[in-house]
>>> print(open('protein33.txt').read())   # compact mmCIF, C-alpha atoms
# COMPACT_ATOMS: atom_id res chain seq x y z
CA MET Q 1304 51.69 74.19 -354.01
CA GLY Q 1305 54.34 71.78 -354.67
CA VAL Q 1306 54.80 68.95 -357.07
CA LYS Q 1307 53.54 66.50 -354.51
CA ASP Q 1308 50.22 68.27 -354.15
CA ARG Q 1309 49.81 68.40 -357.88
CA ASP Q 1310 50.52 64.65 -358.13
CA ARG Q 1311 47.96 63.98 -355.44
CA PHE Q 1312 45.20 65.62 -357.46
CA SER Q 1313 46.25 64.34 -360.87
CA THR Q 1314 43.99 61.96 -362.75
CA ALA Q 1315 46.63 59.29 -363.09
CA THR Q 1316 47.27 59.30 -359.37
CA ARG Q 1317 43.58 59.15 -358.60
CA LEU Q 1318 43.05 56.26 -361.03
CA ARG Q 1319 46.02 54.40 -359.56
CA LEU Q 1320 44.69 54.87 -355.99
CA LEU Q 1321 41.19 53.88 -357.08
CA GLY Q 1322 42.55 50.74 -358.76
CA GLU Q 1323 44.56 49.81 -355.68
CA GLN Q 1324 41.51 50.28 -353.44
CA THR Q 1325 39.33 48.22 -355.78
CA ALA Q 1326 41.94 45.48 -355.97
CA ALA Q 1327 42.17 45.45 -352.16
CA ARG Q 1328 38.39 45.15 -351.87
CA VAL Q 1329 38.25 42.32 -354.41
CA TYR Q 1330 41.09 40.52 -352.66
CA ARG Q 1331 39.40 40.91 -349.27
CA SER Q 1332 36.05 39.66 -350.61
CA GLN Q 1333 37.72 36.68 -352.28
CA THR Q 1334 39.54 35.70 -349.12
CA LYS Q 1335 36.32 36.06 -347.11
CA ARG Q 1336 34.45 33.86 -349.60
CA GLN Q 1337 37.22 31.31 -349.56
CA ALA Q 1338 37.27 31.36 -345.79
CA ARG Q 1339 33.51 30.93 -345.65
CA ARG Q 1340 33.56 28.17 -348.27
CA SER Q 1341 36.26 26.21 -346.54
CA ARG Q 1342 34.59 26.55 -343.15
CA LEU Q 1343 31.18 25.55 -344.57
CA THR Q 1344 32.74 22.66 -346.45
CA GLY Q 1345 34.37 21.40 -343.26
CA ARG Q 1346 31.08 21.55 -341.40
CA ALA Q 1347 29.29 19.85 -344.26
CA ALA Q 1348 31.94 17.14 -344.35
CA LEU Q 1349 31.64 16.62 -340.60
CA LEU Q 1350 27.86 16.49 -340.86
CA ALA Q 1351 28.08 14.00 -343.72
CA LEU Q 1352 30.53 11.90 -341.72
CA VAL Q 1353 28.24 11.89 -338.69
CA LEU Q 1354 25.21 10.97 -340.81
CA CYS Q 1355 27.08 8.17 -342.56
CA SER Q 1356 28.31 6.78 -339.27
CA LEU Q 1357 24.75 6.89 -337.88
CA ILE Q 1358 23.42 5.08 -340.94
CA VAL Q 1359 26.12 2.43 -340.69
CA ALA Q 1360 25.58 2.08 -336.95
CA LEU Q 1361 21.80 1.67 -337.33
CA ALA Q 1362 21.78 -0.51 -340.45
CA TYR Q 1363 22.58 -3.81 -338.72
CA PRO Q 1364 20.11 -3.38 -335.82
CA MET Q 1365 17.37 -2.37 -338.26
CA ARG Q 1366 18.06 -5.44 -340.40
CA GLN Q 1367 17.92 -7.62 -337.28
CA TYR Q 1368 14.68 -5.97 -336.20
CA VAL Q 1369 13.04 -6.57 -339.57
CA SER Q 1370 14.19 -10.20 -339.73
CA GLN Q 1371 13.00 -10.85 -336.16
CA ARG Q 1372 9.60 -9.32 -336.94
CA ALA Q 1373 9.31 -11.61 -339.96
CA GLU Q 1374 10.29 -14.59 -337.82
CA ILE Q 1375 7.71 -13.63 -335.19
CA ALA Q 1376 5.02 -13.37 -337.84
CA ASP Q 1377 5.99 -16.78 -339.21
CA LEU Q 1378 5.89 -18.35 -335.74
CA GLN Q 1379 2.48 -16.81 -335.07
CA ARG Q 1380 1.20 -18.26 -338.33
CA GLN Q 1381 2.58 -21.69 -337.39
CA ARG Q 1382 0.99 -21.43 -333.95
CA GLN Q 1383 -2.36 -20.58 -335.53
CA GLN Q 1384 -2.10 -23.59 -337.84
CA ALA Q 1385 -1.19 -25.83 -334.91
CA GLN Q 1386 -4.19 -24.58 -332.94
CA GLU Q 1387 -6.46 -25.30 -335.90
CA ARG Q 1388 -5.00 -28.80 -336.18
CA VAL Q 1389 -5.55 -29.39 -332.45
CA GLU Q 1390 -9.18 -28.32 -332.84
CA GLN Q 1391 -9.63 -30.72 -335.76
CA LEU Q 1392 -8.13 -33.56 -333.75
CA ARG Q 1393 -10.36 -32.75 -330.76
CA ASP Q 1394 -13.40 -32.84 -333.03
CA LEU Q 1395 -12.27 -36.18 -334.46
CA LYS Q 1396 -11.69 -37.58 -330.97
CA ALA Q 1397 -15.13 -36.42 -329.89
CA ARG Q 1398 -16.67 -38.10 -332.94
CA TRP Q 1399 -14.89 -41.35 -332.20
CA GLN Q 1400 -16.23 -41.20 -328.62
CA ASP Q 1401 -19.74 -41.47 -330.07
CA ASP Q 1402 -20.73 -45.14 -330.43
CA ALA Q 1403 -22.91 -44.49 -333.48
CA TYR Q 1404 -20.01 -42.87 -335.39
CA ALA Q 1405 -17.62 -45.68 -334.41
CA GLU Q 1406 -20.15 -48.29 -335.55
CA GLN Q 1407 -20.66 -46.46 -338.84
CA GLN Q 1408 -16.92 -46.31 -339.50
CA ILE Q 1409 -16.45 -49.98 -338.61
CA ARG Q 1410 -19.24 -50.99 -340.99
CA GLN Q 1411 -17.91 -48.76 -343.75
CA ARG Q 1412 -14.19 -49.50 -343.49
CA LEU Q 1413 -14.19 -53.15 -342.41
CA HIS Q 1414 -17.47 -54.20 -344.09
CA TYR Q 1415 -18.91 -55.54 -340.85
CA VAL Q 1416 -22.62 -56.36 -340.55
CA MET Q 1417 -24.74 -56.86 -337.49
CA PRO Q 1418 -26.02 -60.38 -336.75
CA GLY Q 1419 -29.06 -61.09 -338.86
CA GLU Q 1420 -28.16 -58.56 -341.58
CA THR Q 1421 -27.04 -59.44 -345.06
CA GLY Q 1422 -24.04 -57.53 -346.34
CA TYR Q 1423 -23.81 -56.48 -349.96
CA VAL Q 1424 -20.86 -54.85 -351.68
CA VAL Q 1425 -21.59 -53.03 -354.94
CA ILE Q 1426 -18.58 -52.96 -357.19
CA ASP Q 1427 -18.07 -50.46 -359.95
CA PRO Q 1428 -17.10 -52.33 -363.17
CA SER Q 1429 -14.14 -50.06 -363.88
CA THR Q 1430 -12.88 -50.53 -360.35
CA ALA Q 1431 -13.42 -54.30 -360.59
CA ARG Q 1432 -11.10 -54.56 -363.59
CA LYS Q 1433 -8.45 -52.63 -361.74
CA ALA Q 1434 -8.92 -54.73 -358.59
CA ARG Q 1435 -8.49 -57.97 -360.51
CA THR Q 1436 -4.93 -57.01 -361.35
CA ASP Q 1437 -4.23 -56.26 -357.67
CA LEU Q 1438 -4.37 -58.80 -354.89
CA GLY Q 1439 -7.99 -58.83 -353.72
CA ALA Q 1440 -9.06 -58.16 -350.14
CA THR Q 1441 -10.69 -61.59 -349.95
CA ASP Q 1442 -7.45 -63.34 -350.83
CA ARG Q 1443 -5.66 -61.87 -347.84
CA PRO Q 1444 -6.14 -62.55 -344.13
CA TRP Q 1445 -8.50 -60.21 -342.25
CA TYR Q 1446 -5.72 -58.57 -340.20
CA ALA Q 1447 -3.99 -57.43 -343.40
CA ASN Q 1448 -7.18 -55.60 -344.34
CA VAL Q 1449 -7.30 -53.99 -340.89
CA TRP Q 1450 -3.70 -52.79 -341.17
CA ASP Q 1451 -4.37 -51.44 -344.66
CA GLY Q 1452 -7.29 -49.49 -343.23
CA VAL Q 1453 -5.08 -48.11 -340.47
CA ASP Q 1454 -2.41 -47.12 -343.01
CA LYS Q 1455 -4.98 -45.42 -345.24
CA SER Q 1456 -6.49 -43.49 -342.35
CA ASP Q 1457 -3.04 -42.45 -341.18
CA ALA Q 1458 -2.14 -41.27 -344.67
CA SER Q 1459 -5.38 -39.29 -344.97
CA ASP Q 1460 -4.70 -37.50 -341.66
CA GLN Q 1461 -1.38 -36.24 -342.94
>>> encode(input="protein33.txt", output="structure tokens")
Amino acid sequence: MGVKDRDRFSTATRLRLLGEQTAARVYRSQTKRQARRSRLTGRAALLALVLCSLIVALAYPMRQYVSQRAEIADLQRQRQQAQERVEQLRDLKARWQDDAYAEQQIRQRLHYVMPGETGYVVIDPSTARKARTDLGATDRPWYANVWDGVDKSDASDQ
């Protein structure tokens, strides 16, 4: 046996070889981890980029969809209110078609009486004081009273 064989079996040589092998393993595992990390990070970045672009691409259409749904709901509510108003006006028209209702309204609003009847107007004292300060209905011509009645009925409809 030569010096080389003795060196091959010496403790120092074995420890040096073992250290080199361990260092090689650690280096290989670190490079594998780094390679895996960088590859996973690239995929994650691409996935994040795709998700962000999808969110940005869908944000505007979703906002438009929500605003249009709100507008549709508002228009449906307005349509429902308009239909209710039409029904009220139809009922009012039907009432005015009845002669008894028209006669009642004429008597009440214009203070008309049938021939042979005596008309009485009961005045509340508090209202009489207030009316004295205003121009009375008797001091004006009859057509002014009619137009006031039309204006009051128009204002009450609105």
>>> atom_distance(input="protein33.txt", atom1="atom CA of Q:Arg1393", atom2="atom CA of Q:Gln1408")
17.4 Å
>>> atom_distance(input="protein33.txt", atom1="atom CA of Q:Val1424", atom2="atom CA of Q:Gln1407")
15.3 Å
>>> atom_distance(input="protein33.txt", atom1="atom CA of Q:Glu1420", atom2="atom CA of Q:Ala1403")
17.1 Å
>>> build_atoms(input="protein33.txt", residues="stretch 1381-1393 of chain Q", atoms="N, CA, C and O atoms", output="mmCIF file, keeping the file's coordinate frame")
data_model
loop_
_atom_site.group_PDB
_atom_site.id
_atom_site.type_symbol
_atom_site.label_atom_id
_atom_site.label_comp_id
_atom_site.auth_asym_id
_atom_site.auth_seq_id
_atom_site.Cartn_x
_atom_site.Cartn_y
_atom_site.Cartn_z
ATOM 1 N N GLN Q 1381 2.438 -20.274 -337.707
ATOM 2 C CA GLN Q 1381 2.580 -21.690 -337.390
ATOM 3 C C GLN Q 1381 1.766 -22.065 -336.149
ATOM 4 O O GLN Q 1381 1.149 -23.131 -336.100
ATOM 5 N N ARG Q 1382 1.773 -21.182 -335.158
ATOM 6 C CA ARG Q 1382 0.990 -21.430 -333.950
ATOM 7 C C ARG Q 1382 -0.499 -21.493 -334.273
ATOM 8 O O ARG Q 1382 -1.221 -22.362 -333.779
ATOM 9 N N GLN Q 1383 -0.958 -20.588 -335.129
ATOM 10 C CA GLN Q 1383 -2.360 -20.580 -335.530
ATOM 11 C C GLN Q 1383 -2.721 -21.878 -336.252
ATOM 12 O O GLN Q 1383 -3.775 -22.468 -335.995
ATOM 13 N N GLN Q 1384 -1.852 -22.336 -337.137
ATOM 14 C CA GLN Q 1384 -2.100 -23.590 -337.840
ATOM 15 C C GLN Q 1384 -2.121 -24.766 -336.872
ATOM 16 O O GLN Q 1384 -2.945 -25.673 -337.008
ATOM 17 N N ALA Q 1385 -1.223 -24.751 -335.898
ATOM 18 C CA ALA Q 1385 -1.190 -25.830 -334.910
ATOM 19 C C ALA Q 1385 -2.458 -25.832 -334.065
ATOM 20 O O ALA Q 1385 -3.004 -26.900 -333.756
ATOM 21 N N GLN Q 1386 -2.952 -24.659 -333.707
ATOM 22 C CA GLN Q 1386 -4.190 -24.580 -332.940
ATOM 23 C C GLN Q 1386 -5.374 -25.102 -333.754
ATOM 24 O O GLN Q 1386 -6.241 -25.814 -333.213
ATOM 25 N N GLU Q 1387 -5.395 -24.777 -335.046
ATOM 26 C CA GLU Q 1387 -6.460 -25.300 -335.900
ATOM 27 C C GLU Q 1387 -6.383 -26.813 -336.005
ATOM 28 O O GLU Q 1387 -7.407 -27.496 -335.960
ATOM 29 N N ARG Q 1388 -5.179 -27.349 -336.106
ATOM 30 C CA ARG Q 1388 -5.000 -28.800 -336.180
ATOM 31 C C ARG Q 1388 -5.441 -29.465 -334.874
ATOM 32 O O ARG Q 1388 -6.074 -30.528 -334.889
ATOM 33 N N VAL Q 1389 -5.122 -28.850 -333.742
ATOM 34 C CA VAL Q 1389 -5.550 -29.390 -332.450
ATOM 35 C C VAL Q 1389 -7.072 -29.417 -332.370
ATOM 36 O O VAL Q 1389 -7.663 -30.405 -331.896
ATOM 37 N N GLU Q 1390 -7.718 -28.351 -332.848
ATOM 38 C CA GLU Q 1390 -9.180 -28.320 -332.840
ATOM 39 C C GLU Q 1390 -9.760 -29.421 -333.728
ATOM 40 O O GLU Q 1390 -10.737 -30.072 -333.363
ATOM 41 N N GLN Q 1391 -9.168 -29.643 -334.885
ATOM 42 C CA GLN Q 1391 -9.630 -30.720 -335.760
ATOM 43 C C GLN Q 1391 -9.487 -32.072 -335.082
ATOM 44 O O GLN Q 1391 -10.393 -32.913 -335.148
ATOM 45 N N LEU Q 1392 -8.347 -32.285 -334.430
ATOM 46 C CA LEU Q 1392 -8.130 -33.560 -333.750
ATOM 47 C C LEU Q 1392 -9.076 -33.739 -332.563
ATOM 48 O O LEU Q 1392 -9.547 -34.853 -332.295
ATOM 49 N N ARG Q 1393 -9.387 -32.663 -331.862
ATOM 50 C CA ARG Q 1393 -10.360 -32.750 -330.760
ATOM 51 C C ARG Q 1393 -11.738 -33.113 -331.294
ATOM 52 O O ARG Q 1393 -12.451 -33.921 -330.685
#
